[in-house]
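Printed here is protein.pdb (PDB, C-alpha atoms, pLDDT in the B column):
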```pdb
ATOM      1  CA  MET A1152     -60.730  95.410 187.137  1.00 68.00           C
ATOM      2  CA  GLU A1153     -57.098  96.450 187.339  1.00 91.00           C
ATOM      3  CA  LYS A1154     -54.676  96.238 184.426  1.00 91.00           C
ATOM      4  CA  ASN A1155     -52.796  93.336 186.017  1.00 91.00           C
ATOM      5  CA  ASN A1156     -56.036  91.375 186.483  1.00 93.00           C
ATOM      6  CA  ILE A1157     -56.909  91.872 182.808  1.00 93.00           C
ATOM      7  CA  LEU A1158     -53.439  90.726 181.793  1.00 95.00           C
ATOM      8  CA  ASP A1159     -53.737  87.694 184.076  1.00 95.00           C
ATOM      9  CA  VAL A1160     -57.020  86.722 182.394  1.00 95.00           C
ATOM     10  CA  ALA A1161     -55.392  87.228 178.977  1.00 94.00           C
ATOM     11  CA  LYS A1162     -52.490  85.024 180.053  1.00 96.00           C
ATOM     12  CA  GLU A1163     -54.943  82.334 181.154  1.00 96.00           C
ATOM     13  CA  LEU A1164     -56.724  82.579 177.806  1.00 96.00           C
ATOM     14  CA  GLY A1165     -53.361  82.239 176.071  1.00 95.00           C
ATOM     15  CA  LYS A1166     -52.675  79.134 178.123  1.00 97.00           C
ATOM     16  CA  LEU A1167     -56.027  77.635 177.090  1.00 96.00           C
ATOM     17  CA  VAL A1168     -55.254  78.301 173.442  1.00 96.00           C
ATOM     18  CA  SER A1169     -51.756  76.855 173.800  1.00 95.00           C
ATOM     19  CA  GLU A1170     -53.237  73.644 175.213  1.00 96.00           C
ATOM     20  CA  SER A1171     -55.959  73.392 172.569  1.00 97.00           C
ATOM     21  CA  GLU A1172     -56.184  70.817 169.821  1.00 98.00           C
ATOM     22  CA  ILE A1173     -56.045  73.696 167.335  1.00 97.00           C
ATOM     23  CA  LEU A1174     -52.584  74.755 168.472  1.00 97.00           C
ATOM     24  CA  VAL A1175     -51.324  71.183 168.789  1.00 97.00           C
ATOM     25  CA  ASN A1176     -52.472  70.534 165.203  1.00 98.00           C
ATOM     26  CA  TYR A1177     -50.741  73.709 164.040  1.00 98.00           C
ATOM     27  CA  VAL A1178     -47.471  72.850 165.786  1.00 98.00           C
ATOM     28  CA  ASN A1179     -47.506  69.327 164.322  1.00 98.00           C
ATOM     29  CA  ALA A1180     -48.360  70.585 160.835  1.00 98.00           C
ATOM     30  CA  LYS A1181     -45.647  73.269 161.041  1.00 98.00           C
ATOM     31  CA  GLU A1182     -43.076  70.703 162.103  1.00 98.00           C
ATOM     32  CA  ALA A1183     -44.059  68.407 159.223  1.00 98.00           C
ATOM     33  CA  TYR A1184     -43.898  71.375 156.834  1.00 98.00           C
ATOM     34  CA  ASP A1185     -40.476  72.428 158.134  1.00 98.00           C
ATOM     35  CA  ASN A1186     -39.146  68.883 157.691  1.00 98.00           C
ATOM     36  CA  ASP A1187     -40.591  68.191 154.218  1.00 98.00           C
ATOM     37  CA  ASN A1188     -37.481  68.497 152.055  1.00 98.00           C
ATOM     38  CA  GLU A1189     -39.301  67.585 148.852  1.00 97.00           C
ATOM     39  CA  LEU A1190     -41.820  70.377 149.399  1.00 98.00           C
ATOM     40  CA  HIS A1191     -39.058  72.874 150.161  1.00 97.00           C
ATOM     41  CA  ASN A1192     -37.249  71.878 146.981  1.00 98.00           C
ATOM     42  CA  ILE A1193     -40.434  72.573 145.022  1.00 98.00           C
ATOM     43  CA  ILE A1194     -40.868  75.950 146.754  1.00 97.00           C
ATOM     44  CA  ARG A1195     -37.213  76.860 146.142  1.00 98.00           C
ATOM     45  CA  GLU A1196     -37.479  76.025 142.446  1.00 98.00           C
ATOM     46  CA  TYR A1197     -40.759  77.936 142.245  1.00 98.00           C
ATOM     47  CA  THR A1198     -39.023  81.007 143.697  1.00 97.00           C
ATOM     48  CA  VAL A1199     -36.092  80.660 141.280  1.00 97.00           C
ATOM     49  CA  GLN A1200     -38.463  80.314 138.320  1.00 97.00           C
ATOM     50  CA  GLN A1201     -40.445  83.362 139.456  1.00 97.00           C
ATOM     51  CA  LYS A1202     -37.220  85.389 139.623  1.00 96.00           C
ATOM     52  CA  ALA A1203     -36.195  84.118 136.178  1.00 93.00           C
ATOM     53  CA  LEU A1204     -39.563  85.206 134.807  1.00 93.00           C
ATOM     54  CA  GLU A1205     -39.151  88.661 136.377  1.00 92.00           C
ATOM     55  CA  ASN A1206     -35.677  88.978 134.847  1.00 90.00           C
ATOM     56  CA  LEU A1207     -36.966  87.830 131.485  1.00 88.00           C
ATOM     57  CA  ALA A1208     -39.835  90.331 131.615  1.00 84.00           C
ATOM     58  CA  ALA A1209     -37.349  93.132 132.308  1.00 84.00           C
ATOM     59  CA  ASP A1210     -35.323  92.126 129.245  1.00 80.00           C
ATOM     60  CA  GLU A1211     -36.620  93.940 126.167  1.00 76.00           C
ATOM     61  CA  SER A1212     -35.358  91.192 123.880  1.00 76.00           C
ATOM     62  CA  SER A1213     -37.153  88.462 125.823  1.00 72.00           C
ATOM     63  CA  ASN A1214     -37.997  85.175 124.197  1.00 84.00           C
ATOM     64  CA  GLU A1215     -41.742  84.413 124.226  1.00 87.00           C
ATOM     65  CA  THR A1216     -41.155  80.668 123.962  1.00 90.00           C
ATOM     66  CA  LEU A1217     -38.825  80.708 126.955  1.00 92.00           C
ATOM     67  CA  GLU A1218     -41.278  82.877 128.875  1.00 92.00           C
ATOM     68  CA  LYS A1219     -44.087  80.397 128.173  1.00 94.00           C
ATOM     69  CA  CYS A1220     -41.883  77.483 129.290  1.00 95.00           C
ATOM     70  CA  ILE A1221     -41.076  79.265 132.538  1.00 95.00           C
ATOM     71  CA  ARG A1222     -44.739  80.157 133.147  1.00 96.00           C
ATOM     72  CA  ASP A1223     -45.754  76.549 132.496  1.00 97.00           C
ATOM     73  CA  ARG A1224     -43.077  75.284 134.897  1.00 97.00           C
ATOM     74  CA  ILE A1225     -44.178  77.772 137.555  1.00 97.00           C
ATOM     75  CA  GLN A1226     -47.752  76.495 137.240  1.00 98.00           C
ATOM     76  CA  VAL A1227     -46.617  72.868 137.545  1.00 98.00           C
ATOM     77  CA  LEU A1228     -44.601  73.710 140.671  1.00 98.00           C
ATOM     78  CA  TYR A1229     -47.471  75.708 142.158  1.00 97.00           C
ATOM     79  CA  ASP A1230     -49.875  72.832 141.602  1.00 97.00           C
ATOM     80  CA  LYS A1231     -47.396  70.316 143.007  1.00 97.00           C
ATOM     81  CA  ALA A1232     -46.849  72.364 146.156  1.00 97.00           C
ATOM     82  CA  ASN A1233     -50.576  72.852 146.706  1.00 96.00           C
ATOM     83  CA  GLU A1234     -51.335  69.183 146.116  1.00 97.00           C
ATOM     84  CA  SER A1235     -48.842  68.189 148.807  1.00 97.00           C
ATOM     85  CA  GLU A1236     -50.559  66.698 151.857  1.00 98.00           C
ATOM     86  CA  THR A1237     -48.004  68.487 154.040  1.00 98.00           C
ATOM     87  CA  MET A1238     -48.926  71.845 152.519  1.00 97.00           C
ATOM     88  CA  LYS A1239     -52.667  71.136 152.723  1.00 98.00           C
ATOM     89  CA  LYS A1240     -52.455  70.167 156.397  1.00 98.00           C
ATOM     90  CA  PHE A1241     -50.257  73.157 157.228  1.00 98.00           C
ATOM     91  CA  ASP A1242     -52.540  75.616 155.398  1.00 97.00           C
ATOM     92  CA  GLU A1243     -55.606  74.162 157.123  1.00 98.00           C
ATOM     93  CA  ALA A1244     -53.981  74.192 160.571  1.00 98.00           C
ATOM     94  CA  GLU A1245     -52.733  77.748 160.068  1.00 97.00           C
ATOM     95  CA  ALA A1246     -56.201  78.896 158.941  1.00 97.00           C
ATOM     96  CA  ASP A1247     -57.801  77.226 161.990  1.00 97.00           C
ATOM     97  CA  LEU A1248     -55.341  78.952 164.335  1.00 97.00           C
ATOM     98  CA  ASN A1249     -55.861  82.326 162.657  1.00 97.00           C
ATOM     99  CA  ASP A1250     -59.637  81.832 162.847  1.00 96.00           C
ATOM    100  CA  ILE A1251     -59.647  81.127 166.587  1.00 96.00           C
ATOM    101  CA  LEU A1252     -57.348  84.081 167.300  1.00 96.00           C
ATOM    102  CA  ALA A1253     -59.526  86.389 165.178  1.00 96.00           C
ATOM    103  CA  SER A1254     -62.653  85.067 166.907  1.00 95.00           C
ATOM    104  CA  ILE A1255     -61.148  85.745 170.328  1.00 95.00           C
ATOM    105  CA  ASN A1256     -60.276  89.280 169.261  1.00 94.00           C
ATOM    106  CA  ASN A1257     -63.774  89.847 167.858  1.00 94.00           C
ATOM    107  CA  ILE A1258     -65.419  88.569 171.040  1.00 94.00           C
ATOM    108  CA  ILE A1259     -63.321  90.929 173.150  1.00 93.00           C
ATOM    109  CA  ARG A1260     -64.097  93.881 170.851  1.00 92.00           C
ATOM    110  CA  GLU A1261     -67.828  93.100 170.769  1.00 93.00           C
ATOM    111  CA  SER A1262     -67.938  92.765 174.563  1.00 92.00           C
ATOM    112  CA  ILE A1263     -66.439  96.228 174.866  1.00 91.00           C
ATOM    113  CA  PHE A1264     -68.787  97.714 172.246  1.00 92.00           C
ATOM    114  CA  GLU A1265     -71.836  96.179 173.940  1.00 91.00           C
ATOM    115  CA  ARG A1266     -70.970  98.061 177.100  1.00 90.00           C
ATOM    116  CA  TYR A1267     -69.688 101.186 175.360  1.00 89.00           C
ATOM    117  CA  PRO A1268     -71.413 101.422 171.956  1.00 88.00           C
ATOM    118  CA  GLU A1269     -70.027 104.922 171.436  1.00 88.00           C
ATOM    119  CA  LEU A1270     -66.555 103.359 171.034  1.00 87.00           C
ATOM    120  CA  ARG A1271     -67.663 101.290 168.043  1.00 86.00           C
ATOM    121  CA  PRO A1272     -65.967 102.594 164.901  1.00 85.00           C
ATOM    122  CA  ALA A1273     -68.302 104.177 162.391  1.00 78.00           C
ATOM    123  CA  PRO A1274     -69.015 102.112 159.282  1.00 75.00           C
ATOM    124  CA  SER A1275     -66.656 102.953 156.446  1.00 69.00           C
ATOM    125  CA  SER A1276     -69.530 104.504 154.492  1.00 64.00           C
ATOM    126  CA  CYS A1277     -70.120 107.003 157.296  1.00 62.00           C
ATOM    127  CA  SER A1278     -68.501 110.378 156.658  1.00 61.00           C
ATOM    128  CA  GLY A1279     -68.692 111.277 160.338  1.00 60.00           C
ATOM    129  CA  ASN A1280     -70.786 114.313 159.457  1.00 61.00           C
ATOM    130  CA  CYS A1281     -74.274 113.649 160.819  1.00 61.00           C
ATOM    131  CA  ALA A1282     -75.749 116.518 158.776  1.00 54.00           C
ATOM    132  CA  SER A1283     -75.262 114.496 155.584  1.00 54.00           C
ATOM    133  CA  CYS A1284     -76.781 111.317 156.963  1.00 58.00           C
ATOM    134  CA  GLY A1285     -80.225 109.800 157.115  1.00 50.00           C
ATOM    135  CA  GLY A1286     -79.455 108.446 160.562  1.00 51.00           C
ATOM    136  CA  CYS A1287     -77.360 105.748 162.146  1.00 56.00           C
ATOM    137  CA  HIS A1288     -78.562 102.181 161.869  1.00 48.00           C
TER     138      HIS A1288
END
```
Turn this file's structure into C-alpha cells for me.
Amino acid sequence: MEKNNILDVAKELGKLVSESEILVNYVNAKEAYDNDNELHNIIREYTVQQKALENLAADESSNETLEKCIRDRIQVLYDKANESETMKKFDEAEADLNDILASINNIIRESIFERYPELRPAPSSCSGNCASCGGCH
C-alpha cells in the first residue's frame, strides 16, 4: 500500500471519528464549558488563590492563619468546580475522546506488531542484553 493510500484511509478514519457521537458529545461539552461564566469565575479565583498561596509560601514571615484560610478557600473552589455539571460533562467527554483516540492508536500499533513482532519495543525491564536474561516471554 502506498503512502497516499495509507493517508487516505487515515483521513477516512478521521472522518468517522469526527462524525461519531463521542466527538459530538465532546464538542457540545466543550462549548458548554467555554460558555459557563460561573465556572470560569471559580477557576479564575482558584488560580488567583493558588498564586497568593505560592507568594505567601515564598515569604519568610508568612502568616499561618492566612495560609490556612487560603488553603481552605482553594479547597472550596476546587470542590465547587468539580461538582459543576458542566465540568463533569466536559471531563467525561474529554476522557471518552482521549480513550477512543488512544484505542485507535493501540489498534494500529498492535496490527503492525502482529505482522512484524521484531518491531515491538522491549519491555522496560529488558536491558536489551540477552546474555543477562532468562529468555523473552
Point to revise | Surrounding residues of segment 1238-1248 of chain A excluding itself and chain neighbours under 3 positions, 8 Å, only C-alpha atoms, as a PyMOL selection string | key: chain A and resi 1173-1174+1176-1177+1180-1181+1184+1190+1232-1235+1251-1252
Check your understanding: For Asn1256 of chain A, which residue out of A:Lys1202, A:Leu1164, A:Val1178, A:Arg1195 is the nearest one, using only C-alpha atoms?
Key ->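 Closest residue, counting only C-alpha atoms: A:Leu1164.
Pairwise distance (atom CA of Glu1236 of chain A, atom CA of Gly1165 of chain A) equals 28.9 Å.
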Practice item. Please indicate the distance in Å from atom CA of Ser1212 of chain A to atom CA of Gln1226 of chain A, rounded to one decimal place. Key: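 These two atoms are separated by 23.4 Å.
Shortest separation to Val1199 of chain A among A:Thr1216, A:Asn1186, A:Leu1228, A:Arg1266 occurs at residue A:Leu1228, atoms counted being all atoms listed in the file.
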Review point. For Ser1254 of chain A, which residue out of A:Leu1158, A:Cys1220, A:Val1168, A:Leu1204 is the nearest one, using only C-alpha atoms?
Key: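 Among the listed residues, the smallest separation from Ser1254 of chain A belongs to A:Val1168.
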**Study point:** Point-to-point distance in Å for atom CA of Ile1221 of chain A and atom CA of Gln1200 of chain A
**Key:** 6.4 Å
Can you sort out the box for segment 1209-1218 of chain A, edges along x, y and z, all listed atoms in, 8 Å on every side, with centre and edge lengths in Å to one decimal, as lines of an AutoDock Vina configuration file?
```
center_x = -38.5
center_y = 87.3
center_z = 128.1
size_x = 22.4
size_y = 29.3
size_z = 24.4
```
Take segment 1155-1182 of chain A, bring it up to N, CA and C atoms, and give me the output as a short mmCIF file (atom, residue, chain, number, x, y, z; two decimals), keeping the file's coordinate frame.
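Output saved as part.cif:
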```
data_model
loop_
_atom_site.label_atom_id
_atom_site.label_comp_id
_atom_site.auth_asym_id
_atom_site.auth_seq_id
_atom_site.Cartn_x
_atom_site.Cartn_y
_atom_site.Cartn_z
N ASN A 1155 -53.46 94.63 185.77
CA ASN A 1155 -52.80 93.34 186.02
C ASN A 1155 -53.80 92.18 186.00
N ASN A 1156 -55.01 92.42 186.51
CA ASN A 1156 -56.04 91.38 186.48
C ASN A 1156 -56.43 91.05 185.04
N ILE A 1157 -56.57 92.09 184.22
CA ILE A 1157 -56.91 91.87 182.81
C ILE A 1157 -55.81 91.07 182.13
N LEU A 1158 -54.57 91.44 182.39
CA LEU A 1158 -53.44 90.73 181.79
C LEU A 1158 -53.36 89.28 182.29
N ASP A 1159 -53.71 89.07 183.55
CA ASP A 1159 -53.74 87.69 184.08
C ASP A 1159 -54.79 86.85 183.36
N VAL A 1160 -55.96 87.44 183.12
CA VAL A 1160 -57.02 86.72 182.39
C VAL A 1160 -56.56 86.44 180.96
N ALA A 1161 -55.90 87.42 180.35
CA ALA A 1161 -55.39 87.23 178.98
C ALA A 1161 -54.35 86.12 178.95
N LYS A 1162 -53.51 86.08 179.97
CA LYS A 1162 -52.49 85.02 180.05
C LYS A 1162 -53.15 83.65 180.18
N GLU A 1163 -54.21 83.59 180.99
CA GLU A 1163 -54.94 82.33 181.15
C GLU A 1163 -55.60 81.91 179.84
N LEU A 1164 -56.14 82.87 179.12
CA LEU A 1164 -56.72 82.58 177.81
C LEU A 1164 -55.64 82.07 176.85
N GLY A 1165 -54.48 82.70 176.89
CA GLY A 1165 -53.36 82.24 176.07
C GLY A 1165 -52.97 80.82 176.41
N LYS A 1166 -53.00 80.49 177.69
CA LYS A 1166 -52.68 79.13 178.12
C LYS A 1166 -53.71 78.14 177.58
N LEU A 1167 -54.98 78.51 177.63
CA LEU A 1167 -56.03 77.64 177.09
C LEU A 1167 -55.83 77.39 175.60
N VAL A 1168 -55.50 78.45 174.87
CA VAL A 1168 -55.25 78.30 173.44
C VAL A 1168 -54.04 77.41 173.21
N SER A 1169 -52.99 77.63 174.00
CA SER A 1169 -51.76 76.86 173.80
C SER A 1169 -51.95 75.37 174.10
N GLU A 1170 -52.96 75.04 174.88
CA GLU A 1170 -53.24 73.64 175.21
C GLU A 1170 -54.34 73.05 174.33
N SER A 1171 -54.84 73.84 173.40
CA SER A 1171 -55.96 73.39 172.57
C SER A 1171 -55.49 72.48 171.45
N GLU A 1172 -56.44 71.70 170.96
CA GLU A 1172 -56.18 70.82 169.82
C GLU A 1172 -55.79 71.63 168.59
N ILE A 1173 -56.35 72.82 168.48
CA ILE A 1173 -56.04 73.70 167.34
C ILE A 1173 -54.56 74.03 167.30
N LEU A 1174 -54.01 74.40 168.45
CA LEU A 1174 -52.58 74.76 168.47
C LEU A 1174 -51.71 73.52 168.33
N VAL A 1175 -52.09 72.43 168.93
CA VAL A 1175 -51.32 71.18 168.79
C VAL A 1175 -51.28 70.77 167.31
N ASN A 1176 -52.43 70.86 166.63
CA ASN A 1176 -52.47 70.53 165.20
C ASN A 1176 -51.56 71.46 164.41
N TYR A 1177 -51.58 72.75 164.75
CA TYR A 1177 -50.74 73.71 164.04
C TYR A 1177 -49.26 73.39 164.25
N VAL A 1178 -48.87 73.15 165.48
CA VAL A 1178 -47.47 72.85 165.79
C VAL A 1178 -47.02 71.59 165.04
N ASN A 1179 -47.84 70.56 165.03
CA ASN A 1179 -47.51 69.33 164.32
C ASN A 1179 -47.42 69.55 162.81
N ALA A 1180 -48.37 70.31 162.27
CA ALA A 1180 -48.36 70.58 160.84
C ALA A 1180 -47.16 71.45 160.45
N LYS A 1181 -46.81 72.39 161.30
CA LYS A 1181 -45.65 73.27 161.04
C LYS A 1181 -44.37 72.46 161.07
N GLU A 1182 -44.26 71.56 162.01
CA GLU A 1182 -43.08 70.70 162.10
C GLU A 1182 -42.96 69.81 160.85
#
```
